[in-house]
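Listing of run.pdb; format and content: PDB, C-alpha atoms.
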ATOM      1  CA  LYS B   1      -4.436  11.286 -27.630  1.00  0.00           C
ATOM      2  CA  ALA B   2      -1.712  12.622 -29.853  1.00  0.00           C
ATOM      3  CA  GLY B   3       1.808  11.716 -28.800  1.00  0.00           C
ATOM      4  CA  VAL B   4       4.780  13.967 -28.229  1.00  0.00           C
ATOM      5  CA  THR B   5       5.472  15.988 -31.353  1.00  0.00           C
ATOM      6  CA  GLN B   6       8.896  17.317 -32.232  1.00  0.00           C
ATOM      7  CA  THR B   7       9.730  19.661 -35.057  1.00  0.00           C
ATOM      8  CA  PRO B   8      11.567  19.766 -37.295  1.00  0.00           C
ATOM      9  CA  ARG B   9      12.365  16.101 -37.876  1.00  0.00           C
ATOM     10  CA  TYR B  10      15.696  16.808 -39.534  1.00  0.00           C
ATOM     11  CA  LEU B  11      17.953  19.836 -39.488  1.00  0.00           C
ATOM     12  CA  ILE B  12      21.307  20.660 -41.027  1.00  0.00           C
ATOM     13  CA  LYS B  13      23.294  23.572 -39.640  1.00  0.00           C
ATOM     14  CA  THR B  14      26.801  24.953 -39.974  1.00  0.00           C
ATOM     15  CA  ARG B  15      29.330  25.312 -37.179  1.00  0.00           C
ATOM     16  CA  GLY B  16      28.859  28.540 -35.280  1.00  0.00           C
ATOM     17  CA  GLN B  17      25.168  28.870 -36.056  1.00  0.00           C
ATOM     18  CA  GLN B  18      22.413  28.480 -33.532  1.00  0.00           C
ATOM     19  CA  VAL B  19      19.349  26.258 -33.658  1.00  0.00           C
ATOM     20  CA  THR B  20      15.961  26.064 -31.974  1.00  0.00           C
ATOM     21  CA  LEU B  21      14.065  22.807 -31.615  1.00  0.00           C
ATOM     22  CA  SER B  22      10.421  22.548 -30.670  1.00  0.00           C
ATOM     23  CA  CYS B  23       8.439  20.038 -28.614  1.00  0.00           C
ATOM     24  CA  SER B  24       4.702  19.760 -28.048  1.00  0.00           C
ATOM     25  CA  PRO B  25       3.931  17.418 -25.132  1.00  0.00           C
ATOM     26  CA  ILE B  26       0.999  15.101 -24.796  1.00  0.00           C
ATOM     27  CA  SER B  27      -2.120  17.073 -23.923  1.00  0.00           C
ATOM     28  CA  GLY B  28      -2.331  17.562 -20.166  1.00  0.00           C
ATOM     29  CA  HIS B  29       1.327  16.798 -19.546  1.00  0.00           C
ATOM     30  CA  ARG B  30       3.113  19.584 -17.742  1.00  0.00           C
ATOM     31  CA  SER B  31       6.643  18.228 -17.498  1.00  0.00           C
ATOM     32  CA  VAL B  32       8.942  18.271 -20.521  1.00  0.00           C
ATOM     33  CA  SER B  33      12.420  16.768 -20.511  1.00  0.00           C
ATOM     34  CA  TRP B  34      15.072  16.928 -23.211  1.00  0.00           C
ATOM     35  CA  TYR B  35      17.681  14.304 -24.024  1.00  0.00           C
ATOM     36  CA  GLN B  36      20.611  14.112 -26.430  1.00  0.00           C
ATOM     37  CA  GLN B  37      21.470  10.816 -28.091  1.00  0.00           C
ATOM     38  CA  THR B  38      24.798  10.198 -29.805  1.00  0.00           C
ATOM     39  CA  PRO B  39      26.459   6.928 -30.833  1.00  0.00           C
ATOM     40  CA  GLY B  40      29.323   7.521 -28.422  1.00  0.00           C
ATOM     41  CA  GLN B  41      27.511   8.781 -25.336  1.00  0.00           C
ATOM     42  CA  GLY B  42      24.080   7.204 -25.691  1.00  0.00           C
ATOM     43  CA  LEU B  43      21.048   8.944 -24.249  1.00  0.00           C
ATOM     44  CA  GLN B  44      21.937  11.807 -21.933  1.00  0.00           C
ATOM     45  CA  PHE B  45      19.632  14.062 -19.965  1.00  0.00           C
ATOM     46  CA  LEU B  46      19.781  17.754 -20.868  1.00  0.00           C
ATOM     47  CA  PHE B  47      17.135  19.449 -18.722  1.00  0.00           C
ATOM     48  CA  GLU B  48      13.575  19.302 -17.481  1.00  0.00           C
ATOM     49  CA  TYR B  49      10.908  21.970 -17.385  1.00  0.00           C
ATOM     50  CA  PHE B  50       7.751  22.041 -15.313  1.00  0.00           C
ATOM     51  CA  SER B  51       5.303  24.935 -15.160  1.00  0.00           C
ATOM     52  CA  GLU B  52       7.675  27.116 -17.180  1.00  0.00           C
ATOM     53  CA  THR B  53      10.535  26.580 -14.698  1.00  0.00           C
ATOM     54  CA  GLN B  54      13.688  24.562 -15.194  1.00  0.00           C
ATOM     55  CA  ARG B  55      13.602  21.873 -12.513  1.00  0.00           C
ATOM     56  CA  ASN B  56      16.683  19.859 -13.299  1.00  0.00           C
ATOM     57  CA  LYS B  57      19.718  20.187 -15.524  1.00  0.00           C
ATOM     58  CA  GLY B  58      22.211  17.707 -16.875  1.00  0.00           C
ATOM     59  CA  ASN B  59      25.921  18.169 -17.397  1.00  0.00           C
ATOM     60  CA  PHE B  60      25.919  20.194 -20.599  1.00  0.00           C
ATOM     61  CA  PRO B  61      27.549  23.559 -21.357  1.00  0.00           C
ATOM     62  CA  GLY B  62      25.618  26.792 -21.184  1.00  0.00           C
ATOM     63  CA  ARG B  63      25.269  26.804 -24.970  1.00  0.00           C
ATOM     64  CA  PHE B  64      22.354  24.446 -24.407  1.00  0.00           C
ATOM     65  CA  SER B  65      19.283  26.183 -23.064  1.00  0.00           C
ATOM     66  CA  GLY B  66      15.566  25.766 -23.062  1.00  0.00           C
ATOM     67  CA  ARG B  67      12.281  27.236 -22.087  1.00  0.00           C
ATOM     68  CA  GLN B  68       8.710  26.201 -21.555  1.00  0.00           C
ATOM     69  CA  PHE B  69       5.614  28.160 -22.402  1.00  0.00           C
ATOM     70  CA  SER B  70       2.369  28.460 -20.473  1.00  0.00           C
ATOM     71  CA  ASN B  71       0.763  25.826 -22.712  1.00  0.00           C
ATOM     72  CA  SER B  72       3.586  23.414 -21.721  1.00  0.00           C
ATOM     73  CA  ARG B  73       5.158  23.475 -25.179  1.00  0.00           C
ATOM     74  CA  SER B  74       8.925  23.653 -24.945  1.00  0.00           C
ATOM     75  CA  GLU B  75      11.847  24.771 -27.046  1.00  0.00           C
ATOM     76  CA  MET B  76      15.521  24.090 -26.701  1.00  0.00           C
ATOM     77  CA  ASN B  77      18.237  26.225 -28.173  1.00  0.00           C
ATOM     78  CA  VAL B  78      21.831  25.436 -28.961  1.00  0.00           C
ATOM     79  CA  SER B  79      24.081  28.388 -29.701  1.00  0.00           C
ATOM     80  CA  THR B  80      27.475  28.440 -31.399  1.00  0.00           C
ATOM     81  CA  LEU B  81      27.035  24.970 -32.804  1.00  0.00           C
ATOM     82  CA  GLU B  82      29.957  22.547 -32.776  1.00  0.00           C
ATOM     83  CA  LEU B  83      30.436  19.412 -34.842  1.00  0.00           C
ATOM     84  CA  GLY B  84      29.977  17.354 -31.689  1.00  0.00           C
ATOM     85  CA  ASP B  85      26.446  18.679 -31.267  1.00  0.00           C
ATOM     86  CA  SER B  86      25.340  16.455 -34.132  1.00  0.00           C
ATOM     87  CA  ALA B  87      22.854  14.148 -32.464  1.00  0.00           C
ATOM     88  CA  LEU B  88      19.274  13.023 -32.109  1.00  0.00           C
ATOM     89  CA  TYR B  89      17.516  15.372 -29.697  1.00  0.00           C
ATOM     90  CA  LEU B  90      14.597  13.794 -27.915  1.00  0.00           C
ATOM     91  CA  CYS B  91      11.817  15.363 -25.958  1.00  0.00           C
ATOM     92  CA  ALA B  92       9.747  13.492 -23.386  1.00  0.00           C
ATOM     93  CA  SER B  93       6.661  14.503 -21.476  1.00  0.00           C
ATOM     94  CA  SER B  94       4.973  13.302 -18.324  1.00  0.00           C
ATOM     95  CA  PRO B  95       1.959  14.532 -16.401  1.00  0.00           C
ATOM     96  CA  LEU B  96       3.916  15.985 -13.506  1.00  0.00           C
ATOM     97  CA  GLY B  97       7.478  16.639 -12.494  1.00  0.00           C
ATOM     98  CA  GLN B  98       7.251  13.766 -10.062  1.00  0.00           C
ATOM     99  CA  GLY B  99       5.323  10.572  -9.553  1.00  0.00           C
ATOM    100  CA  VAL B 100       5.412   7.184 -11.223  1.00  0.00           C
ATOM    101  CA  ALA B 101       3.740   8.025 -14.523  1.00  0.00           C
ATOM    102  CA  PRO B 102       6.196   7.099 -17.273  1.00  0.00           C
ATOM    103  CA  LEU B 103       7.825   9.558 -19.621  1.00  0.00           C
ATOM    104  CA  HIS B 104       6.652   9.396 -23.206  1.00  0.00           C
ATOM    105  CA  PHE B 105       9.106  10.317 -25.920  1.00  0.00           C
ATOM    106  CA  GLY B 106       8.776  11.944 -29.297  1.00  0.00           C
ATOM    107  CA  ASN B 107      10.676  10.670 -32.325  1.00  0.00           C
ATOM    108  CA  GLY B 108      13.258  13.390 -32.045  1.00  0.00           C
ATOM    109  CA  THR B 109      14.966  15.975 -34.165  1.00  0.00           C
ATOM    110  CA  ARG B 110      18.082  14.776 -35.922  1.00  0.00           C
ATOM    111  CA  LEU B 111      20.565  17.632 -36.017  1.00  0.00           C
ATOM    112  CA  THR B 112      23.573  17.493 -38.295  1.00  0.00           C
ATOM    113  CA  VAL B 113      26.269  20.136 -37.879  1.00  0.00           C
ATOM    114  CA  THR B 114      28.671  20.548 -40.793  1.00  0.00           C
TER
ATOM    115  CA  ASP U   1      19.215   6.804  -9.202  1.00  0.00           C
ATOM    116  CA  ALA U   2      20.498   3.254  -9.168  1.00  0.00           C
ATOM    117  CA  LYS U   3      22.283   2.021 -12.259  1.00  0.00           C
ATOM    118  CA  THR U   4      21.415  -1.120 -14.149  1.00  0.00           C
ATOM    119  CA  THR U   5      23.339  -3.861 -15.907  1.00  0.00           C
ATOM    120  CA  GLN U   6      22.051  -5.548 -19.051  1.00  0.00           C
ATOM    121  CA  PRO U   7      23.611  -7.952 -21.543  1.00  0.00           C
ATOM    122  CA  PRO U   8      24.677  -6.044 -24.654  1.00  0.00           C
ATOM    123  CA  SER U   9      22.865  -8.283 -27.107  1.00  0.00           C
ATOM    124  CA  MET U  10      20.472 -11.224 -27.399  1.00  0.00           C
ATOM    125  CA  ASP U  11      18.853 -13.198 -30.181  1.00  0.00           C
ATOM    126  CA  CYS U  12      15.401 -14.720 -30.127  1.00  0.00           C
ATOM    127  CA  ALA U  13      13.579 -16.875 -32.653  1.00  0.00           C
ATOM    128  CA  GLU U  14      10.389 -15.411 -34.053  1.00  0.00           C
ATOM    129  CA  GLY U  15       7.346 -16.684 -32.183  1.00  0.00           C
ATOM    130  CA  ARG U  16       9.321 -17.673 -29.113  1.00  0.00           C
ATOM    131  CA  ALA U  17       9.388 -15.813 -25.813  1.00  0.00           C
ATOM    132  CA  ALA U  18      12.135 -13.245 -25.390  1.00  0.00           C
ATOM    133  CA  ASN U  19      13.414 -12.957 -21.826  1.00  0.00           C
ATOM    134  CA  LEU U  20      15.538  -9.870 -21.221  1.00  0.00           C
ATOM    135  CA  PRO U  21      17.354  -9.730 -17.859  1.00  0.00           C
ATOM    136  CA  CYS U  22      18.380  -6.674 -15.882  1.00  0.00           C
ATOM    137  CA  ASN U  23      20.384  -6.345 -12.688  1.00  0.00           C
ATOM    138  CA  HIS U  24      19.741  -3.414 -10.391  1.00  0.00           C
ATOM    139  CA  SER U  25      21.381  -4.498  -7.167  1.00  0.00           C
ATOM    140  CA  THR U  26      21.546  -0.984  -5.679  1.00  0.00           C
ATOM    141  CA  ILE U  27      17.877  -0.153  -6.195  1.00  0.00           C
ATOM    142  CA  SER U  28      16.340   1.689  -3.274  1.00  0.00           C
ATOM    143  CA  GLY U  29      12.966   1.108  -1.717  1.00  0.00           C
ATOM    144  CA  ASN U  30      11.179   3.946  -3.511  1.00  0.00           C
ATOM    145  CA  GLU U  31      12.544   3.238  -6.972  1.00  0.00           C
ATOM    146  CA  TYR U  32      10.544   1.598  -9.712  1.00  0.00           C
ATOM    147  CA  VAL U  33      11.844  -0.478 -12.616  1.00  0.00           C
ATOM    148  CA  TYR U  34      10.912   0.812 -16.057  1.00  0.00           C
ATOM    149  CA  TRP U  35      11.482  -0.738 -19.452  1.00  0.00           C
ATOM    150  CA  TYR U  36      11.707   1.144 -22.712  1.00  0.00           C
ATOM    151  CA  ARG U  37      12.681   0.072 -26.186  1.00  0.00           C
ATOM    152  CA  GLN U  38      14.053   2.022 -29.081  1.00  0.00           C
ATOM    153  CA  ILE U  39      13.656   1.035 -32.679  1.00  0.00           C
ATOM    154  CA  HIS U  40      16.185   2.573 -35.018  1.00  0.00           C
ATOM    155  CA  SER U  41      15.663   6.293 -35.633  1.00  0.00           C
ATOM    156  CA  GLN U  42      12.659   6.520 -33.330  1.00  0.00           C
ATOM    157  CA  GLY U  43      12.288   7.789 -29.792  1.00  0.00           C
ATOM    158  CA  PRO U  44      12.259   5.357 -26.859  1.00  0.00           C
ATOM    159  CA  GLN U  45       8.898   3.658 -26.404  1.00  0.00           C
ATOM    160  CA  TYR U  46       7.596   2.980 -22.919  1.00  0.00           C
ATOM    161  CA  ILE U  47       6.814  -0.697 -22.338  1.00  0.00           C
ATOM    162  CA  ILE U  48       6.046  -1.378 -18.682  1.00  0.00           C
ATOM    163  CA  HIS U  49       7.041  -0.545 -15.125  1.00  0.00           C
ATOM    164  CA  GLY U  50       6.738  -2.054 -11.668  1.00  0.00           C
ATOM    165  CA  LEU U  51       7.757  -1.718  -8.034  1.00  0.00           C
ATOM    166  CA  LYS U  52       7.826  -5.218  -6.573  1.00  0.00           C
ATOM    167  CA  ASN U  53       4.932  -7.185  -7.940  1.00  0.00           C
ATOM    168  CA  ASN U  54       4.913  -8.815 -11.337  1.00  0.00           C
ATOM    169  CA  GLU U  55       3.192  -6.719 -13.960  1.00  0.00           C
ATOM    170  CA  THR U  56       1.626  -7.532 -17.311  1.00  0.00           C
ATOM    171  CA  ASN U  57       0.201  -5.393 -20.066  1.00  0.00           C
ATOM    172  CA  GLU U  58      -0.608  -5.839 -23.729  1.00  0.00           C
ATOM    173  CA  MET U  59       3.033  -5.544 -24.708  1.00  0.00           C
ATOM    174  CA  ALA U  60       4.973  -7.527 -22.135  1.00  0.00           C
ATOM    175  CA  SER U  61       5.338  -8.976 -18.660  1.00  0.00           C
ATOM    176  CA  LEU U  62       7.734  -7.769 -15.985  1.00  0.00           C
ATOM    177  CA  ILE U  63       9.027 -10.166 -13.369  1.00  0.00           C
ATOM    178  CA  ILE U  64      10.832  -8.580 -10.396  1.00  0.00           C
ATOM    179  CA  THR U  65      12.675 -10.804  -7.938  1.00  0.00           C
ATOM    180  CA  GLU U  66      11.612 -10.763  -4.314  1.00  0.00           C
ATOM    181  CA  ASP U  67      14.773  -8.916  -3.237  1.00  0.00           C
ATOM    182  CA  ARG U  68      14.201  -6.473  -6.132  1.00  0.00           C
ATOM    183  CA  LYS U  69      17.812  -6.718  -7.223  1.00  0.00           C
ATOM    184  CA  SER U  70      16.951  -7.979 -10.671  1.00  0.00           C
ATOM    185  CA  SER U  71      14.097  -8.196 -13.140  1.00  0.00           C
ATOM    186  CA  THR U  72      13.172  -9.828 -16.418  1.00  0.00           C
ATOM    187  CA  LEU U  73      11.158  -8.382 -19.257  1.00  0.00           C
ATOM    188  CA  ILE U  74       9.238 -11.042 -21.145  1.00  0.00           C
ATOM    189  CA  LEU U  75       7.922 -10.591 -24.659  1.00  0.00           C
ATOM    190  CA  PRO U  76       5.702 -13.684 -24.896  1.00  0.00           C
ATOM    191  CA  HIS U  77       5.708 -14.181 -28.679  1.00  0.00           C
ATOM    192  CA  ALA U  78       8.491 -12.171 -30.270  1.00  0.00           C
ATOM    193  CA  THR U  79       7.953 -10.803 -33.773  1.00  0.00           C
ATOM    194  CA  LEU U  80      10.391  -9.210 -36.181  1.00  0.00           C
ATOM    195  CA  ARG U  81       9.007  -5.825 -35.166  1.00  0.00           C
ATOM    196  CA  ASP U  82      10.302  -6.423 -31.638  1.00  0.00           C
ATOM    197  CA  THR U  83      13.890  -6.076 -32.886  1.00  0.00           C
ATOM    198  CA  ALA U  84      15.126  -3.048 -30.958  1.00  0.00           C
ATOM    199  CA  VAL U  85      17.372  -1.870 -28.144  1.00  0.00           C
ATOM    200  CA  TYR U  86      15.732  -2.489 -24.775  1.00  0.00           C
ATOM    201  CA  TYR U  87      16.556  -0.291 -21.815  1.00  0.00           C
ATOM    202  CA  CYS U  88      15.990  -1.141 -18.172  1.00  0.00           C
ATOM    203  CA  ILE U  89      15.834   1.956 -15.952  1.00  0.00           C
ATOM    204  CA  VAL U  90      15.275   2.475 -12.256  1.00  0.00           C
ATOM    205  CA  ARG U  91      13.562   5.670 -11.262  1.00  0.00           C
ATOM    206  CA  GLY U  92      12.195   7.213  -8.120  1.00  0.00           C
ATOM    207  CA  TYR U  93       9.083   9.326  -7.979  1.00  0.00           C
ATOM    208  CA  GLN U  94      10.440  12.438  -6.312  1.00  0.00           C
ATOM    209  CA  THR U  95      10.880  15.788  -7.978  1.00  0.00           C
ATOM    210  CA  GLY U  96      13.729  15.578 -10.413  1.00  0.00           C
ATOM    211  CA  ALA U  97      13.194  11.897 -11.099  1.00  0.00           C
ATOM    212  CA  ASN U  98      12.658  12.555 -14.796  1.00  0.00           C
ATOM    213  CA  ASN U  99      16.434  12.584 -15.194  1.00  0.00           C
ATOM    214  CA  LEU U 100      16.556   9.040 -16.544  1.00  0.00           C
ATOM    215  CA  PHE U 101      19.803   7.123 -16.871  1.00  0.00           C
ATOM    216  CA  PHE U 102      19.479   4.862 -19.905  1.00  0.00           C
ATOM    217  CA  GLY U 103      22.712   2.903 -19.965  1.00  0.00           C
ATOM    218  CA  THR U 104      23.622   0.925 -23.083  1.00  0.00           C
ATOM    219  CA  GLY U 105      20.647  -1.437 -23.105  1.00  0.00           C
ATOM    220  CA  THR U 106      20.242  -4.848 -24.739  1.00  0.00           C
ATOM    221  CA  ARG U 107      20.051  -5.101 -28.494  1.00  0.00           C
ATOM    222  CA  LEU U 108      17.434  -7.773 -29.170  1.00  0.00           C
ATOM    223  CA  THR U 109      17.424  -9.325 -32.614  1.00  0.00           C
ATOM    224  CA  VAL U 110      14.426 -11.437 -33.523  1.00  0.00           C
ATOM    225  CA  ILE U 111      15.414 -14.032 -36.079  1.00  0.00           C
ATOM    226  CA  PRO U 112      12.917 -15.356 -38.662  1.00  0.00           C
TER
END
Step by step, read the file and then write its structure as structure tokens.
Amino acid sequence: KAGVTQTPRYLIKTRGQQVTLSCSPISGHRSVSWYQQTPGQGLQFLFEYFSETQRNKGNFPGRFSGRQFSNSRSEMNVSTLELGDSALYLCASSPLGQGVAPLHFGNGTRLTVT
Amino acid sequence: DAKTTQPPSMDCAEGRAANLPCNHSTISGNEYVYWYRQIHSQGPQYIIHGLKNNETNEMASLIITEDRKSSTLILPHATLRDTAVYYCIVRGYQTGANNLFFGTGTRLTVIP
């Protein structure tokens, strides 16, 4: 089975721009979660989608949003980029929105905001 | 979810067993212990998880104390490729449990 795929791998944007990141979960997985990783704050939960619905949201401003499509693929969007949004954005998938099956992570999109 | 406490760093000689401890004294009855590791510039990699019994897979063994307040991840024969940050996480299985709290983890350095 192919793992979680995130595109693009690297991205450079300017302050004030917006960006869209893409995540394809493992085949058959219906839950997709997004995380932000920075040197100062570590790994922080952004939000989770299951069956095209946001199930859970972390403590991030409204500039961070996401969506999930009927094929379980997900995108996250960050509008009005700030320098502090520079981070590794990770996507993780699991079969369901609950249960003990572990989350499996992609290798992330590294976003640099200049 | 309960929080965990891990030592910030550990060294291990190549070929020896690496024993990584984790305290999770506030774990509740329906929470599992999960271990992930992250090699630089990659996403976290799932290693193993357990509820109360010891678990073993091709990567590692997980030993959970009887009171479930602590656990140890064992890499039986550490290699240089095992150098990574290891995260111990407790997680329930209810809806919304995919909000994982990673903490700062243990940076394991395997020394040749």
Can you list, as a PDB file with C-alpha atoms, in the frame of the given file, every protein, DNA or RNA residue that comes within 10 Å of region 18-27 of chain B when you count all atoms listed in the file, leaving out same-chain residues fewer than 3 positions away?
ATOM      1  CA  LYS B   1      -4.436  11.286 -27.630  1.00  0.00           C
ATOM      2  CA  ALA B   2      -1.712  12.622 -29.853  1.00  0.00           C
ATOM      3  CA  GLY B   3       1.808  11.716 -28.800  1.00  0.00           C
ATOM      4  CA  VAL B   4       4.780  13.967 -28.229  1.00  0.00           C
ATOM      5  CA  THR B   5       5.472  15.988 -31.353  1.00  0.00           C
ATOM      6  CA  GLN B   6       8.896  17.317 -32.232  1.00  0.00           C
ATOM      7  CA  THR B   7       9.730  19.661 -35.057  1.00  0.00           C
ATOM      8  CA  PRO B   8      11.567  19.766 -37.295  1.00  0.00           C
ATOM      9  CA  ARG B   9      12.365  16.101 -37.876  1.00  0.00           C
ATOM     10  CA  LEU B  11      17.953  19.836 -39.488  1.00  0.00           C
ATOM     11  CA  ILE B  12      21.307  20.660 -41.027  1.00  0.00           C
ATOM     12  CA  LYS B  13      23.294  23.572 -39.640  1.00  0.00           C
ATOM     13  CA  THR B  14      26.801  24.953 -39.974  1.00  0.00           C
ATOM     14  CA  ARG B  15      29.330  25.312 -37.179  1.00  0.00           C
ATOM     15  CA  ARG B  30       3.113  19.584 -17.742  1.00  0.00           C
ATOM     16  CA  SER B  31       6.643  18.228 -17.498  1.00  0.00           C
ATOM     17  CA  VAL B  32       8.942  18.271 -20.521  1.00  0.00           C
ATOM     18  CA  SER B  33      12.420  16.768 -20.511  1.00  0.00           C
ATOM     19  CA  TRP B  34      15.072  16.928 -23.211  1.00  0.00           C
ATOM     20  CA  ARG B  63      25.269  26.804 -24.970  1.00  0.00           C
ATOM     21  CA  PHE B  64      22.354  24.446 -24.407  1.00  0.00           C
ATOM     22  CA  SER B  65      19.283  26.183 -23.064  1.00  0.00           C
ATOM     23  CA  GLY B  66      15.566  25.766 -23.062  1.00  0.00           C
ATOM     24  CA  ARG B  67      12.281  27.236 -22.087  1.00  0.00           C
ATOM     25  CA  GLN B  68       8.710  26.201 -21.555  1.00  0.00           C
ATOM     26  CA  ASN B  71       0.763  25.826 -22.712  1.00  0.00           C
ATOM     27  CA  SER B  72       3.586  23.414 -21.721  1.00  0.00           C
ATOM     28  CA  ARG B  73       5.158  23.475 -25.179  1.00  0.00           C
ATOM     29  CA  SER B  74       8.925  23.653 -24.945  1.00  0.00           C
ATOM     30  CA  GLU B  75      11.847  24.771 -27.046  1.00  0.00           C
ATOM     31  CA  MET B  76      15.521  24.090 -26.701  1.00  0.00           C
ATOM     32  CA  ASN B  77      18.237  26.225 -28.173  1.00  0.00           C
ATOM     33  CA  VAL B  78      21.831  25.436 -28.961  1.00  0.00           C
ATOM     34  CA  SER B  79      24.081  28.388 -29.701  1.00  0.00           C
ATOM     35  CA  THR B  80      27.475  28.440 -31.399  1.00  0.00           C
ATOM     36  CA  LEU B  81      27.035  24.970 -32.804  1.00  0.00           C
ATOM     37  CA  GLU B  82      29.957  22.547 -32.776  1.00  0.00           C
ATOM     38  CA  TYR B  89      17.516  15.372 -29.697  1.00  0.00           C
ATOM     39  CA  LEU B  90      14.597  13.794 -27.915  1.00  0.00           C
ATOM     40  CA  CYS B  91      11.817  15.363 -25.958  1.00  0.00           C
ATOM     41  CA  ALA B  92       9.747  13.492 -23.386  1.00  0.00           C
ATOM     42  CA  SER B  93       6.661  14.503 -21.476  1.00  0.00           C
ATOM     43  CA  SER B  94       4.973  13.302 -18.324  1.00  0.00           C
ATOM     44  CA  PRO B  95       1.959  14.532 -16.401  1.00  0.00           C
ATOM     45  CA  HIS B 104       6.652   9.396 -23.206  1.00  0.00           C
ATOM     46  CA  PHE B 105       9.106  10.317 -25.920  1.00  0.00           C
ATOM     47  CA  GLY B 106       8.776  11.944 -29.297  1.00  0.00           C
ATOM     48  CA  GLY B 108      13.258  13.390 -32.045  1.00  0.00           C
ATOM     49  CA  THR B 109      14.966  15.975 -34.165  1.00  0.00           C
ATOM     50  CA  ARG B 110      18.082  14.776 -35.922  1.00  0.00           C
ATOM     51  CA  LEU B 111      20.565  17.632 -36.017  1.00  0.00           C
TER      52      LEU B 111
END
Compile a residue-level contact table for chain U against chain B at a cut-off of 6 Å, reporting for every qualifying residue the shortest atom pair and its distance in Å to one decimal, with only C-alpha atoms counted, rows ordered by chain and ascending number, as a tab-separated table.
residue	atom	partner	partner_atom	distance
U:Gln42	CA	B:Asn107	CA	4.7
U:Gly43	CA	B:Asn107	CA	4.2
U:Pro44	CA	B:Phe105	CA	6.0
U:Tyr93	CA	B:Gly99	CA	4.3
U:Gln94	CA	B:Gln98	CA	5.1
U:Thr95	CA	B:Gln98	CA	4.6
U:Gly96	CA	B:Asn56	CA	5.9
U:Asn99	CA	B:Phe45	CA	5.9
Answer key for the PyMOL selection byres ((chain U and resi 21) around 12), residues as a ChimeraX atom specification: /U:4-10,18-20,22-24,33,35,62-65,69-75,86-89,105-108
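Nearest to Gln54 (chain B) of all the residues B:Asp85, B:His29, B:Phe69, B:Gln36 is B:Phe69, counting only C-alpha atoms.
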Expected selection from the PyMOL selection byres ((chain U and resi 12) around 7), given as a ChimeraX atom specification: /U:10-11,13-14,16,18,109-111
Could you write out the selected residues, including C-alpha atoms, as a compact mmCIF listing (two decimals), keeping the file's coordinate frame?
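Written file, out13.txt:
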# COMPACT_ATOMS: atom_id res chain seq x y z
CA MET U 10 20.47 -11.22 -27.40
CA ASP U 11 18.85 -13.20 -30.18
CA ALA U 13 13.58 -16.88 -32.65
CA GLU U 14 10.39 -15.41 -34.05
CA ARG U 16 9.32 -17.67 -29.11
CA ALA U 18 12.14 -13.24 -25.39
CA THR U 109 17.42 -9.32 -32.61
CA VAL U 110 14.43 -11.44 -33.52
CA ILE U 111 15.41 -14.03 -36.08
Picked residues, the PyMOL selection byres ((chain U and resi 30) around 9), expected as JSON, numbers by chain: {"U": [27, 28, 29, 31, 32, 51, 91, 92, 93, 94]}
Enclose region 71-88 of chain U, meaning all of its atoms listed in the file, in a box aligned along x, y and z, pad it by 3 Å on each side, and list the centre and edge lengths in Å to one decimal, as JSON.
{"center_x": 11.5, "center_y": -7.2, "center_z": -24.7, "size_x": 17.7, "size_y": 19.9, "size_z": 29.0}
Copy region 43-66 of chain U out of the block into a file, keeping C-alpha atoms, as a PDB file, in the first residue's frame.
ATOM      1  CA  GLY U  43       7.135  12.726   9.149  1.00  0.00           C
ATOM      2  CA  PRO U  44       6.661  10.790  12.396  1.00  0.00           C
ATOM      3  CA  GLN U  45       6.823   7.034  11.893  1.00  0.00           C
ATOM      4  CA  TYR U  46       4.530   4.775  13.879  1.00  0.00           C
ATOM      5  CA  ILE U  47       6.429   2.156  15.880  1.00  0.00           C
ATOM      6  CA  ILE U  48       4.119   0.300  18.255  1.00  0.00           C
ATOM      7  CA  HIS U  49       1.207   0.691  20.643  1.00  0.00           C
ATOM      8  CA  GLY U  50      -0.315  -1.141  23.584  1.00  0.00           C
ATOM      9  CA  LEU U  51      -2.945  -0.996  26.308  1.00  0.00           C
ATOM     10  CA  LYS U  52      -1.630  -3.028  29.228  1.00  0.00           C
ATOM     11  CA  ASN U  53       0.106  -6.091  27.919  1.00  0.00           C
ATOM     12  CA  ASN U  54       3.628  -6.103  26.580  1.00  0.00           C
ATOM     13  CA  GLU U  55       3.767  -5.868  22.816  1.00  0.00           C
ATOM     14  CA  THR U  56       6.408  -6.774  20.259  1.00  0.00           C
ATOM     15  CA  ASN U  57       6.669  -6.238  16.538  1.00  0.00           C
ATOM     16  CA  GLU U  58       9.434  -6.256  13.964  1.00  0.00           C
ATOM     17  CA  MET U  59      10.643  -2.838  15.041  1.00  0.00           C
ATOM     18  CA  ALA U  60      10.507  -2.823  18.822  1.00  0.00           C
ATOM     19  CA  SER U  61       9.061  -4.073  22.086  1.00  0.00           C
ATOM     20  CA  LEU U  62       6.801  -2.116  24.414  1.00  0.00           C
ATOM     21  CA  ILE U  63       6.786  -2.856  28.118  1.00  0.00           C
ATOM     22  CA  ILE U  64       3.945  -1.276  30.126  1.00  0.00           C
ATOM     23  CA  THR U  65       4.034  -1.434  33.914  1.00  0.00           C
ATOM     24  CA  GLU U  66       1.205  -3.169  35.718  1.00  0.00           C
TER      25      GLU U  66
END
